[in-house]
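Engineer: Just dropping this structure here.
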Amino acid sequence: MTNSHSPSKPYNLGRWAVWTLYALMLIAAPLLFKSSLSLTMLSQAGYLVIICLSYNILLGQGGMLSFGHAVYAGLGSFLAIHAMNLAASGRFYIPLSLIPLVGGLSGLFFAALLGYVTTKKAGTTFAMITLGVGELVFAMSLMFPEFFGGEGGITTNRSYGKPVFGISFGPQIQVYYLIAVYCFICTAAMFAFTRTPLGRILNAVRDNPERVEFIGYNTQRVRYYAFIIAGFFAGIGGGLAAINSEIVTAEVVSGVRSGSLLLFTFLGGATFFFGPIIGAGLLVLALIWLSELSMAWLLYVGLIFLFMVMYAPGGIASLIMMNLRVASFGKLKQLWLRYLTLALTAFVTLMGAAAMIEMIYHRQLNAAVGPELKFMGLVLNTTQSTTWLVAGVVFLIGLALFELARRQFRQQWSRIQDEIETEIKRRELL
């Protein structure tokens, strides 16, 4: 007999506040950043959030290191753009607002097809299989130009059909809000997935697959279902990318794209749900902003990845959560001077290293335009030994000061953590 007077579960006001703030940010972002470049970056960030979160279903929640996740987003893009061209020709009409679902179903289909074999193994073997599948699909893109469009790719026009309520999806702002709606819904759906029994058992498969098998679960089937779900959301992101760009090339299924998803999901923080959202933002900044500033942008991304692996393997999200924990005990104010010292010494180190990197690239690639180049408001001469000497000295001094500041910060950080643990034990005894 049930008790009709049992108390109901209270609402999680903090969670509702976070989701409301997330929705408001998506709505207000193009109103605050009105330039065409900002709108382009926001649109790209929207569908990359979906793709990175879908990849994190595999990496962060399931412990499955995939080197071929771009295949499902890319194939979703190709099927979506073919559907758009069919709709524009009148042979098969589907509203543009539903095209991302075509991409999602395409990603789901190929994930179900290829994932059955891929998820037979786990660990390193799984990673190698995904790498092989990714290279296979990329090779097929050159073998079947009718579907993949060859080197030129496939183009389309997203403004087909009659406008509905004045919405033709021609202006970029309309496309952005379409992406924003899908971004919010998919983010909420993937967060809800983490709270389902399948999402919980997927975490258990990641942490202790032998014990999961012992209690009667088929770990291969759990990985397979998660793989299909990740493929579906990746396909939705791919469909939105096709709408936004109006062109899809073979590059979207390449190993480079899969590597980018892995790298920036890790940088954002694969162990936290919101980490890939940060990673998607970093990916857009790297592709649009950093790539325009320097030809050596891939080198800088690689160096950032290297330092994150060495000093913050949990990604940016882990740094945020650790500092929130310190702030909750009122001890963050003790670290602001250490953070300022770290930032200043890191900046000096970066300037010295970047000056030498830019001069090397200039000598190798732009020597024909002369020995001088502009860097951070300065004019560097690549033929003068003094310039190289100053850059090297700045780098070495900055590196030495950074290491000294890092050690002092680590000592104070450890002391604060001990104080926090002592406070926690004191509260438990009360």
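Note on naming: chains are A, B, ... as they come in the structure tokens, residues start from 1 per chain, ligands start from 1 in the order shown.
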Give me the residues within 10 Å of Ala111 in chain A as a list in words, counting only C-alpha atoms and dropping any in the same chain fewer than 3 places off.
Structural biologist: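 Residues meeting the cut-off are His69, Val71, Tyr72, Leu105, Ser106, Gly107, Leu108, Leu114, Gly115, Tyr116, Val117, Thr118, Tyr224, Tyr225, Ala226, Phe227, Ile228, Ile229, Ala230, Gly231, Phe232, Ala234 and Gly235 of chain A.
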Engineer: Take the selection from the previous step and output its residues with N, CA and C atoms, as a PDB file, in the first residue's frame.
Structural biologist:
ATOM      1  N   HIS A  69      35.235   9.887 -34.643  1.00  0.00           N
ATOM      2  CA  HIS A  69      33.883  10.384 -34.370  1.00  0.00           C
ATOM      3  C   HIS A  69      33.393  11.355 -35.439  1.00  0.00           C
ATOM      4  N   VAL A  71      33.366  10.934 -38.438  1.00  0.00           N
ATOM      5  CA  VAL A  71      32.695  10.173 -39.496  1.00  0.00           C
ATOM      6  C   VAL A  71      31.186  10.338 -39.393  1.00  0.00           C
ATOM      7  N   TYR A  72      30.637  10.266 -38.203  1.00  0.00           N
ATOM      8  CA  TYR A  72      29.181  10.277 -38.026  1.00  0.00           C
ATOM      9  C   TYR A  72      28.624  11.686 -38.145  1.00  0.00           C
ATOM     10  N   LEU A 105      19.450  11.096 -37.982  1.00  0.00           N
ATOM     11  CA  LEU A 105      19.086   9.724 -38.335  1.00  0.00           C
ATOM     12  C   LEU A 105      20.182   9.069 -39.172  1.00  0.00           C
ATOM     13  N   SER A 106      20.855   9.865 -39.999  1.00  0.00           N
ATOM     14  CA  SER A 106      21.974   9.336 -40.788  1.00  0.00           C
ATOM     15  C   SER A 106      23.118   8.925 -39.869  1.00  0.00           C
ATOM     16  N   GLY A 107      23.460   9.803 -38.907  1.00  0.00           N
ATOM     17  CA  GLY A 107      24.500   9.457 -37.953  1.00  0.00           C
ATOM     18  C   GLY A 107      24.128   8.234 -37.140  1.00  0.00           C
ATOM     19  N   LEU A 108      22.858   8.123 -36.762  1.00  0.00           N
ATOM     20  CA  LEU A 108      22.392   6.953 -36.015  1.00  0.00           C
ATOM     21  C   LEU A 108      22.538   5.687 -36.846  1.00  0.00           C
ATOM     22  N   LEU A 114      28.329   0.609 -38.214  1.00  0.00           N
ATOM     23  CA  LEU A 114      29.759   0.482 -37.964  1.00  0.00           C
ATOM     24  C   LEU A 114      30.068   0.221 -36.493  1.00  0.00           C
ATOM     25  N   GLY A 115      29.211   0.700 -35.625  1.00  0.00           N
ATOM     26  CA  GLY A 115      29.470   0.547 -34.201  1.00  0.00           C
ATOM     27  C   GLY A 115      29.328  -0.872 -33.707  1.00  0.00           C
ATOM     28  N   TYR A 116      28.555  -1.703 -34.399  1.00  0.00           N
ATOM     29  CA  TYR A 116      28.396  -3.096 -33.976  1.00  0.00           C
ATOM     30  C   TYR A 116      29.737  -3.817 -33.984  1.00  0.00           C
ATOM     31  N   VAL A 117      30.543  -3.510 -35.000  1.00  0.00           N
ATOM     32  CA  VAL A 117      31.874  -4.104 -35.087  1.00  0.00           C
ATOM     33  C   VAL A 117      32.844  -3.356 -34.171  1.00  0.00           C
ATOM     34  N   THR A 118      32.743  -2.036 -34.157  1.00  0.00           N
ATOM     35  CA  THR A 118      33.686  -1.215 -33.406  1.00  0.00           C
ATOM     36  C   THR A 118      33.646  -1.508 -31.913  1.00  0.00           C
ATOM     37  N   TYR A 224      27.641  -0.327 -27.245  1.00  0.00           N
ATOM     38  CA  TYR A 224      26.999  -0.217 -28.556  1.00  0.00           C
ATOM     39  C   TYR A 224      25.835   0.771 -28.527  1.00  0.00           C
ATOM     40  N   TYR A 225      24.991   0.674 -27.507  1.00  0.00           N
ATOM     41  CA  TYR A 225      23.863   1.605 -27.398  1.00  0.00           C
ATOM     42  C   TYR A 225      24.355   3.045 -27.237  1.00  0.00           C
ATOM     43  N   ALA A 226      25.382   3.224 -26.407  1.00  0.00           N
ATOM     44  CA  ALA A 226      25.938   4.566 -26.233  1.00  0.00           C
ATOM     45  C   ALA A 226      26.539   5.077 -27.532  1.00  0.00           C
ATOM     46  N   PHE A 227      27.164   4.196 -28.287  1.00  0.00           N
ATOM     47  CA  PHE A 227      27.755   4.572 -29.569  1.00  0.00           C
ATOM     48  C   PHE A 227      26.679   5.055 -30.542  1.00  0.00           C
ATOM     49  N   ILE A 228      25.548   4.379 -30.555  1.00  0.00           N
ATOM     50  CA  ILE A 228      24.442   4.774 -31.440  1.00  0.00           C
ATOM     51  C   ILE A 228      23.895   6.138 -31.037  1.00  0.00           C
ATOM     52  N   ILE A 229      23.701   6.345 -29.740  1.00  0.00           N
ATOM     53  CA  ILE A 229      23.178   7.627 -29.265  1.00  0.00           C
ATOM     54  C   ILE A 229      24.144   8.756 -29.595  1.00  0.00           C
ATOM     55  N   ALA A 230      25.441   8.513 -29.399  1.00  0.00           N
ATOM     56  CA  ALA A 230      26.441   9.524 -29.741  1.00  0.00           C
ATOM     57  C   ALA A 230      26.428   9.820 -31.236  1.00  0.00           C
ATOM     58  N   GLY A 231      26.262   8.787 -32.070  1.00  0.00           N
ATOM     59  CA  GLY A 231      26.188   8.995 -33.514  1.00  0.00           C
ATOM     60  C   GLY A 231      24.975   9.821 -33.916  1.00  0.00           C
ATOM     61  N   PHE A 232      23.863   9.616 -33.228  1.00  0.00           N
ATOM     62  CA  PHE A 232      22.654  10.386 -33.544  1.00  0.00           C
ATOM     63  C   PHE A 232      22.865  11.879 -33.294  1.00  0.00           C
ATOM     64  N   ALA A 234      25.738  13.451 -32.978  1.00  0.00           N
ATOM     65  CA  ALA A 234      26.787  13.949 -33.876  1.00  0.00           C
ATOM     66  C   ALA A 234      26.211  14.255 -35.247  1.00  0.00           C
ATOM     67  N   GLY A 235      25.290  13.416 -35.725  1.00  0.00           N
ATOM     68  CA  GLY A 235      24.651  13.664 -37.016  1.00  0.00           C
ATOM     69  C   GLY A 235      23.812  14.931 -37.013  1.00  0.00           C
TER      70      GLY A 235
END
Engineer: Running DSSP on the backbone, which parts of range 200-278 of chain A land in helix (DSSP H, G or I), as a ChimeraX atom specification?
Structural biologist: /A:200-207,209-214,219-245,250-253,255-268,275-278
Engineer: Identify which of the residues A:Phe78, A:Tyr160, A:Trp16, A:Tyr182 lies closest to Ile51 in chain A, counting only C-alpha atoms when measuring atom-to-atom distances.
Structural biologist: A:Tyr182
Engineer: I'd like the contact shell of Phe148 in chain A - 12 Å cut-off, only C-alpha atoms, skipping same-chain residues fewer than 5 positions apart - returned as a ChimeraX atom specification.
Structural biologist: /A:74-79,81-82,137-143,153-155,247-253
Engineer: Could you check which of A:Pro209, A:Pro276, A:Leu53, A:Tyr176 is closest to Pro30 in chain A, using only C-alpha atoms?
Structural biologist: A:Tyr176
Engineer: Considering only C-alpha atoms, return as a list in words whatever protein or nucleic-acid residues lie within 9 Å of Arg338 in chain A, sequence-local ones (same chain, fewer than 5 positions apart) excluded.
Structural biologist: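 The residues satisfying every condition are Ala343, Ala405, Arg406, Gln408, Phe409 and Gln412 of chain A.
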Engineer: Which one is closest to Arg15 in chain A: A:Met351, A:Ala188, A:Leu131, A:Cys183? Count only C-alpha atoms.
Structural biologist: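 Of all the options, A:Ala188 lies closest to Arg15 in chain A.
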Engineer: I'd like the neighbourhood of Gly46 in chain A as number ranges by chain, where a residue qualifies if any of its atoms comes within 9 Å (using only C-alpha atoms), though same-chain residues fewer than 5 positions away should be ignored.
Structural biologist: A: 26, 41, 176, 179-180, 182-184, 237, 240, 280-281
Engineer: Between A:Leu13, A:Ile424, A:Leu389, A:Ile99, which residue has the minimum interatomic distance to Leu86 in chain A, considering only C-alpha atoms?
Structural biologist: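 Using only C-alpha atoms, the shortest distance to Leu86 in chain A belongs to A:Ile99.
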Engineer: Would you mind listing what lies within 9 Å of Ala354 in chain A as an NGL selection string, with only C-alpha atoms counted and same-chain residues fewer than 6 positions away left out?
Structural biologist: :A and (300 or 375 or 391 or 395)
Engineer: According to DSSP computed on the backbone, where in range 145-308 of chain A is there strand (DSSP E or B)? Give the residues as a VMD selection string.
Structural biologist: chain A and resid 154 to 155 164 167 247 to 248
Engineer: Within 6 Å of Ala317 in chain A, counting only C-alpha atoms, which residues show up once you throw out same-chain ones fewer than 2 positions away? Write them as a list in words, please.
Structural biologist: Gly268, Gly269, Gly275, Gly315, Leu319 and Ile320 of chain A
Engineer: Please save C-alpha atoms of the selected residues as a compact mmCIF listing (two decimals), in the first residue's frame.
Structural biologist:
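Below you can see out11.txt, which holds the result:
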# COMPACT_ATOMS: atom_id res chain seq x y z
CA GLY A 268 37.48 21.62 -22.12
CA GLY A 269 37.30 18.78 -19.63
CA GLY A 275 33.61 20.61 -20.28
CA GLY A 315 40.85 20.21 -18.52
CA LEU A 319 40.24 23.96 -12.87
CA ILE A 320 36.91 25.76 -12.56
Engineer: Mind pulling up the distance from CA of Arg410 in chain A to CA of Leu429 in chain A?
Structural biologist: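 That distance, rounded to one decimal, is 28.9 Å.
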Engineer: Measure the distance from CA of Phe264 in chain A to CA of Leu283 in chain A in Å and round it to one decimal.
Structural biologist: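 CA of Leu283 in chain A lies at a distance of 6.2 Å from CA of Phe264 in chain A.
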Engineer: CA of Gly63 in chain A to CA of Ala242 in chain A: how many Å, to one decimal?
Structural biologist: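 Between these atoms lies a distance of 29.1 Å.
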Engineer: Check the smallest atom-to-atom distance from each of A:Ile357, A:Val181, A:Ile277, A:Leu267 to Leu299 in chain A using only C-alpha atoms, then report the winner.
Structural biologist: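 Smallest separation from Leu299 in chain A among the options: A:Ile357.
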Engineer: Just checking: using only C-alpha atoms, which residue out of A:Gln411, A:Asn203, A:Asn323, A:Ser318 ends up closest to Phe272 in chain A?
Structural biologist: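 The answer is A:Ser318, which sits nearest to Phe272 in chain A.
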